[in-house]
Amino acid sequence: MTALRQRKGSKGKEPPVGAEFQSHQSNCCTDHHHYPERMLHGDWSWEAIIWTSIGWSVSVGLGLLCCIYVATLHENDLWFSNIKEVEREISFRTECGLYYSYYKQMLQAPSIQEGLSDLIHDNLTESKRTINLLQRMNIYQEVFLSVLYRSLPIQSYLEPVYFYIYTVFSLQAVYVIALYLTAWLLSGSWLAGTLTGVWYILNRVDTTRVEFTISLRENWSLPFLALQVTAITCYLRPQLTALQQKVLVWLMYVTTFCFCLTWQFNQFILLVQALVIYTLDCVDLLTTTQVTTLYLVQVSGLLSVWLLQFCNSMILGSLVLSFIVAALFVRHCQSGLKSGSLLVRLGKLLLHSAMVFLLTFTINYLAKKALQLRSDEHIFKFIKSKLGLGLTRDFDASLYLCEEAFGLLPLDTLDRLASTLLLHPYSLTLLLLSGMLAVAALQNLRPKGSPPEERKGAAEGQLNAFRPDVAYNLLHTLFYGLLAFSTMRMKYIWTGHMCAVAAYGVCGKELWTLLLTTLRCNSKVLLRLVRYAVPLVMIGCLYYKFWPKLMEELSELREFYDPDTVELMTWISTKTPKRAVFAGSMQLLAGIKLCTGRVLTNHPHYEDKDLRERTKQVYQVYACRSPEEVHDILRAAGADYVVLENSICYERRHRRGCRLRDLLDLANGHIMDGPGENDPDLAPASHPRFCEAIKTDTVAYTALFTRTFQNKTFHVYRVKKKHKKIPKSSPEPSATQ
């Protein structure tokens with residue numbers, strides 16, 4: 001397995017609820033930190049330009065600092081600049097290697113046109129099948145970068161791999177700048193953006209994993225999601241001109257499109273965002289125009305990606321599209337939804353929501369039936385099991401359930417967030433804003449006993465009582481926070497935005513006004529002093545506490561060390577035919593494709609039912625099956641070689657019931673290995689475990705398989721063809737340690 005080793009030689013009156021929001025909106029231009037908003041409304045004084053320029057300069061500086069930080073960690077962990085090319089490629093772990101291989105493939109193609117044609121008619125990624133990779137996978141970013149690299153005059157002094165990784169690290173700078181701007185827009189102070197950037201960098205373990213999973217789709221997409229949230233925040237601010245609104249709508253569309261194009265899980269992330277918009281609509285915190293625009297931006301982004309991905313049926317069959325269609329249709333049909341007494345409106349709201357969700361699932365069911373879509377059913381099986389709606393022995397769902405990344409958020413995450421002074425201000429901000437949002441929602445739902453004209457004015461006043469941009473960001477962090485607690489891998493969507501919300505709480509005028517009013521010591525001078533003194537003190541404390549730790553972290557020098565995998569890849573490249581087909585674990589095969597270019601039977605991109613079924617069959621090499629059964633499975637998949645890994649065959653990383661061999665035993669109806677309970681309907685296997693028994697070299701196995709390579713970690717066997725009876729064939733080159 002890949003390891004890192006230490007390098008040698010390294011070392012007044014109480015205002016009513018919501019009044020502070022209204023006063024902030026009306027007096028937002030009285031503070032020099034609000035100059036972006038003043039410039040938005042036409043104030044181009046020298047003072048405004050200077051202060052805004054300082055704010056933008058700080059944002060760019062923090063973004064570049066984050067970019068350099070993660071790039072340095074990546075170099076220090078692997079000694080990337082000094083290792084061989086094969087070692088660099090092995091460092092792209094699991095599915096990261098698969099995605100990077102298409103960038104490499106495009107660069108090695110004789111021309112851009114031929115490279116694109118090979119991707120559209122690919123027969124190397126899945127043996128005995130020709131697939132359209134641009135339709136199946138989200139790899140347009142690799143295509144774009146390869147075209148850009150070939151077009152720019154940089155080949156002589158910048159290697160392709162560095163162009164790739166520096167682009168991904170640069171997106172981290174974009175991510176930090178987007179979070180900075182969101183906090184600045186919410187609070188009106190670029191000190192909030194500064195605090196956001198500092199928190200993001202200090203909580204790197206929980207905000208990003210880009211330094212060791214460079215090609216992962218989320219590292220491409222989350223910066224665009226953050227930019228989209230910034231655009232939405234700006235769009236929901238009051239007093240925008242028609243031109244500004246159009247520009248922001250286009251910005252929302254472009255960022256949504258880029259986000260969807262770069263991550264296959266886009267539909268599930270946008271579904272949560274659509275639920276946020278729906279909730280704000282139900283409590284009258286957004287206008288009809290705003291709601292419709294936000295929905296249509298999502299639909300436009302998804303449909304644009306659907307076209308670019310050659311009409312990918314997974315997008316048309318997504319829950320988010322079904323939900324948006326249902327929400328807009330039911331909203332149009334129920335014209336009297338927002339009338340009546342409080343209880344009547346709550347009853348209507350419950351009925352309305354029931355109709356929306358019922359229609360959503362109906363539309364989604366019919367769409368999947370019409371499209372014969374089964375590519376994402378494993379995700380819904382996983383969600384069903386995650387929600388405790390029955391145990392499952394389904395192999396695909398169990399693979400997800402047994403991975404730590406798809407488990408519940410560990411509690412030590414909260415300890416780390418608290419140690420950087422992030423968790424406590426975030427929790428307090430969340431608590432106060434949630435209470436104020438609940439009050440504002442009830443006021444919006446309560447009927448007014450006044451003439452229609454006065455009712456209209458009152459409704460507009462209530463809409464402004466709780467700022468829509470604050471309401472959106474509050475529900476955004478709440479909903480994605482729940483998602484993060486349920487599935488640890490999704491915490492990276494939540495923690496970055498968490499920094500912006502906490503910084504808004506520390507630097508925003510509204511919450512300090514509420515607290516100082518409660519303490520009966522509210523004044524403009526004290527408010528300004530607290531808003532600027534507290535974040536500066538916090539930044540000072542964070543610098544004092546963490547700067548030495550950062551310097552120590554950056555001084556730790558390691559290097560890539562995985563001699564067994566390097567030996568395997570070198571042997572495959574030099575001793576096997578170029579069109580040889582390899583079977584094995586998904587993670588290893590992705591590396592084999594990148595390092596050697598050989599054909600695979602299966603791979604880690606799991607969003608295809610036929611591929612999932614083939615993967616389950618290939619994995620029978622780790623189950624209790626006869627050599628004849630395994631041989632038939634491998635030959636049916638077109639495999640010439642099978643790679644067995646000791647780390648899987650004798651796995652100890654997972655608990656009993658979650659080891660790969662246990663999942664296969666359960667799916668096959670066999671009793672699991674080792675001490676422990678088994679379900680009564682399971683039976684003992686009639687054959688020994690294949691990956692162990694084949695090493696005995698008995699006649700039953702040597703008649704069908706020939707060992708061609710082995711070391712401490714891997715065993716490679718050539719799969720013989722049954723029909724050719726050649727008792728003594730020329731021996732394959734072998735390596736034994």
# chains A, B, ... in the order shown; residues from 1 in each chain; ligands from 1

$ select_by_dssp --residues "range 440-649 of chain A" --states "strand (DSSP E)" --output "mmCIF file with C-alpha atoms, in the first residue's frame"
data_model
loop_
_atom_site.group_PDB
_atom_site.id
_atom_site.type_symbol
_atom_site.label_atom_id
_atom_site.label_comp_id
_atom_site.auth_asym_id
_atom_site.auth_seq_id
_atom_site.Cartn_x
_atom_site.Cartn_y
_atom_site.Cartn_z
ATOM 1 C CA ARG A 558 8.050 13.255 3.584
ATOM 2 C CA GLU A 559 8.307 11.367 0.331
ATOM 3 C CA PHE A 560 6.200 8.964 -1.678
ATOM 4 C CA TYR A 561 7.032 5.334 -0.882
ATOM 5 C CA VAL A 581 -7.392 -6.856 -20.130
ATOM 6 C CA PHE A 582 -6.959 -6.669 -16.353
ATOM 7 C CA ALA A 583 -9.455 -7.576 -13.617
ATOM 8 C CA VAL A 599 -7.865 -2.303 -20.703
ATOM 9 C CA LEU A 600 -10.011 -2.733 -17.556
ATOM 10 C CA TYR A 641 -5.071 -11.183 -16.119
ATOM 11 C CA VAL A 642 -6.444 -10.900 -12.603
ATOM 12 C CA VAL A 643 -4.658 -9.015 -9.815
ATOM 13 C CA LEU A 644 -5.245 -10.243 -6.260
ATOM 14 C CA GLU A 645 -4.384 -7.983 -3.318
#

$ residues_around --residues "Ile633 in chain A" --least-positions-apart "2" --cutoff "10 Å" --atoms "only C-alpha atoms" --output "count of residues only"
16

$ atom_distance --atom1 "CA of Leu704 in chain A" --atom2 "CA of Lys722 in chain A"
7.3 Å

$ residues_around --residues "Leu346 in chain A" --least-positions-apart "2" --cutoff "12 Å" --atoms "only C-alpha atoms" --output "PyMOL selection string"
chain A and resi 282-283+337-344+348-353+441-442+444-447

$ residues_around --residues "Ala274 in chain A" --least-positions-apart "6" --cutoff "9 Å" --atoms "only C-alpha atoms" --output "ChimeraX atom specification"
/A:294-295,298,320,323-324

$ closest_residue --among "A:Ser111, A:Thr241, A:Ser647, A:Gln172" --to "Gly197 in chain A" --atoms "only C-alpha atoms"
A:Gln172

$ residues_around --residues "Leu409 in chain A" --least-positions-apart "3" --cutoff "7 Å" --atoms "only C-alpha atoms" --output "list in words"
Ala484, Phe485, Ser486, Thr487 and Met488 of chain A

$ write_last_selection --atoms "C-alpha atoms" --output "PDB file, in the first residue's frame"
ATOM      1  CA  ALA A 484     -22.949  16.658   6.694  1.00  0.00           C
ATOM      2  CA  PHE A 485     -23.958  15.097  10.021  1.00  0.00           C
ATOM      3  CA  SER A 486     -25.680  12.234   8.184  1.00  0.00           C
ATOM      4  CA  THR A 487     -22.842  11.611   5.678  1.00  0.00           C
ATOM      5  CA  MET A 488     -19.302  12.614   6.587  1.00  0.00           C
TER       6      MET A 488
END

$ closest_residue --among "A:Thr287, A:Arg489, A:Leu236, A:Gly61" --to "Glu403 in chain A" --atoms "only C-alpha atoms"
A:Arg489

$ residues_around --residues "range 588-598 of chain A" --least-positions-apart "4" --cutoff "7 Å" --atoms "only C-alpha atoms" --output "PyMOL selection string"
chain A and resi 86+89-90+94-95+97-98+101+569+572-573+578-581+584+603

$ residues_around --residues "Gly63 in chain A" --least-positions-apart "3" --cutoff "8 Å" --atoms "only C-alpha atoms" --output "VMD selection string"
chain A and resid 59 to 60 66 to 67 172 to 177 197

$ select_by_dssp --residues "range 142-381 of chain A" --states "alpha helix (DSSP H)" --output "VMD selection string"
chain A and resid 142 to 151 160 to 187 190 to 202 204 to 207 217 to 235 242 to 261 266 to 282 288 to 308 313 to 316 319 to 333 342 to 371 377 to 381

$ closest_residue --among "A:Cys624, A:Leu216, A:Val58, A:Ala438" --to "Thr194 in chain A" --atoms "only C-alpha atoms"
A:Val58

$ closest_residue --among "A:Lys84, A:Arg689, A:Arg93, A:His424" --to "Ala503 in chain A" --atoms "only C-alpha atoms"
A:His424

$ closest_residue --among "A:Leu408, A:Arg237, A:Trp79, A:Thr125" --to "Gly481 in chain A" --atoms "only C-alpha atoms"
A:Leu408

$ closest_residue --among "A:Pro410, A:Gly347, A:Gly505, A:Pro684" --to "Lys491 in chain A" --atoms "only C-alpha atoms"
A:Pro410
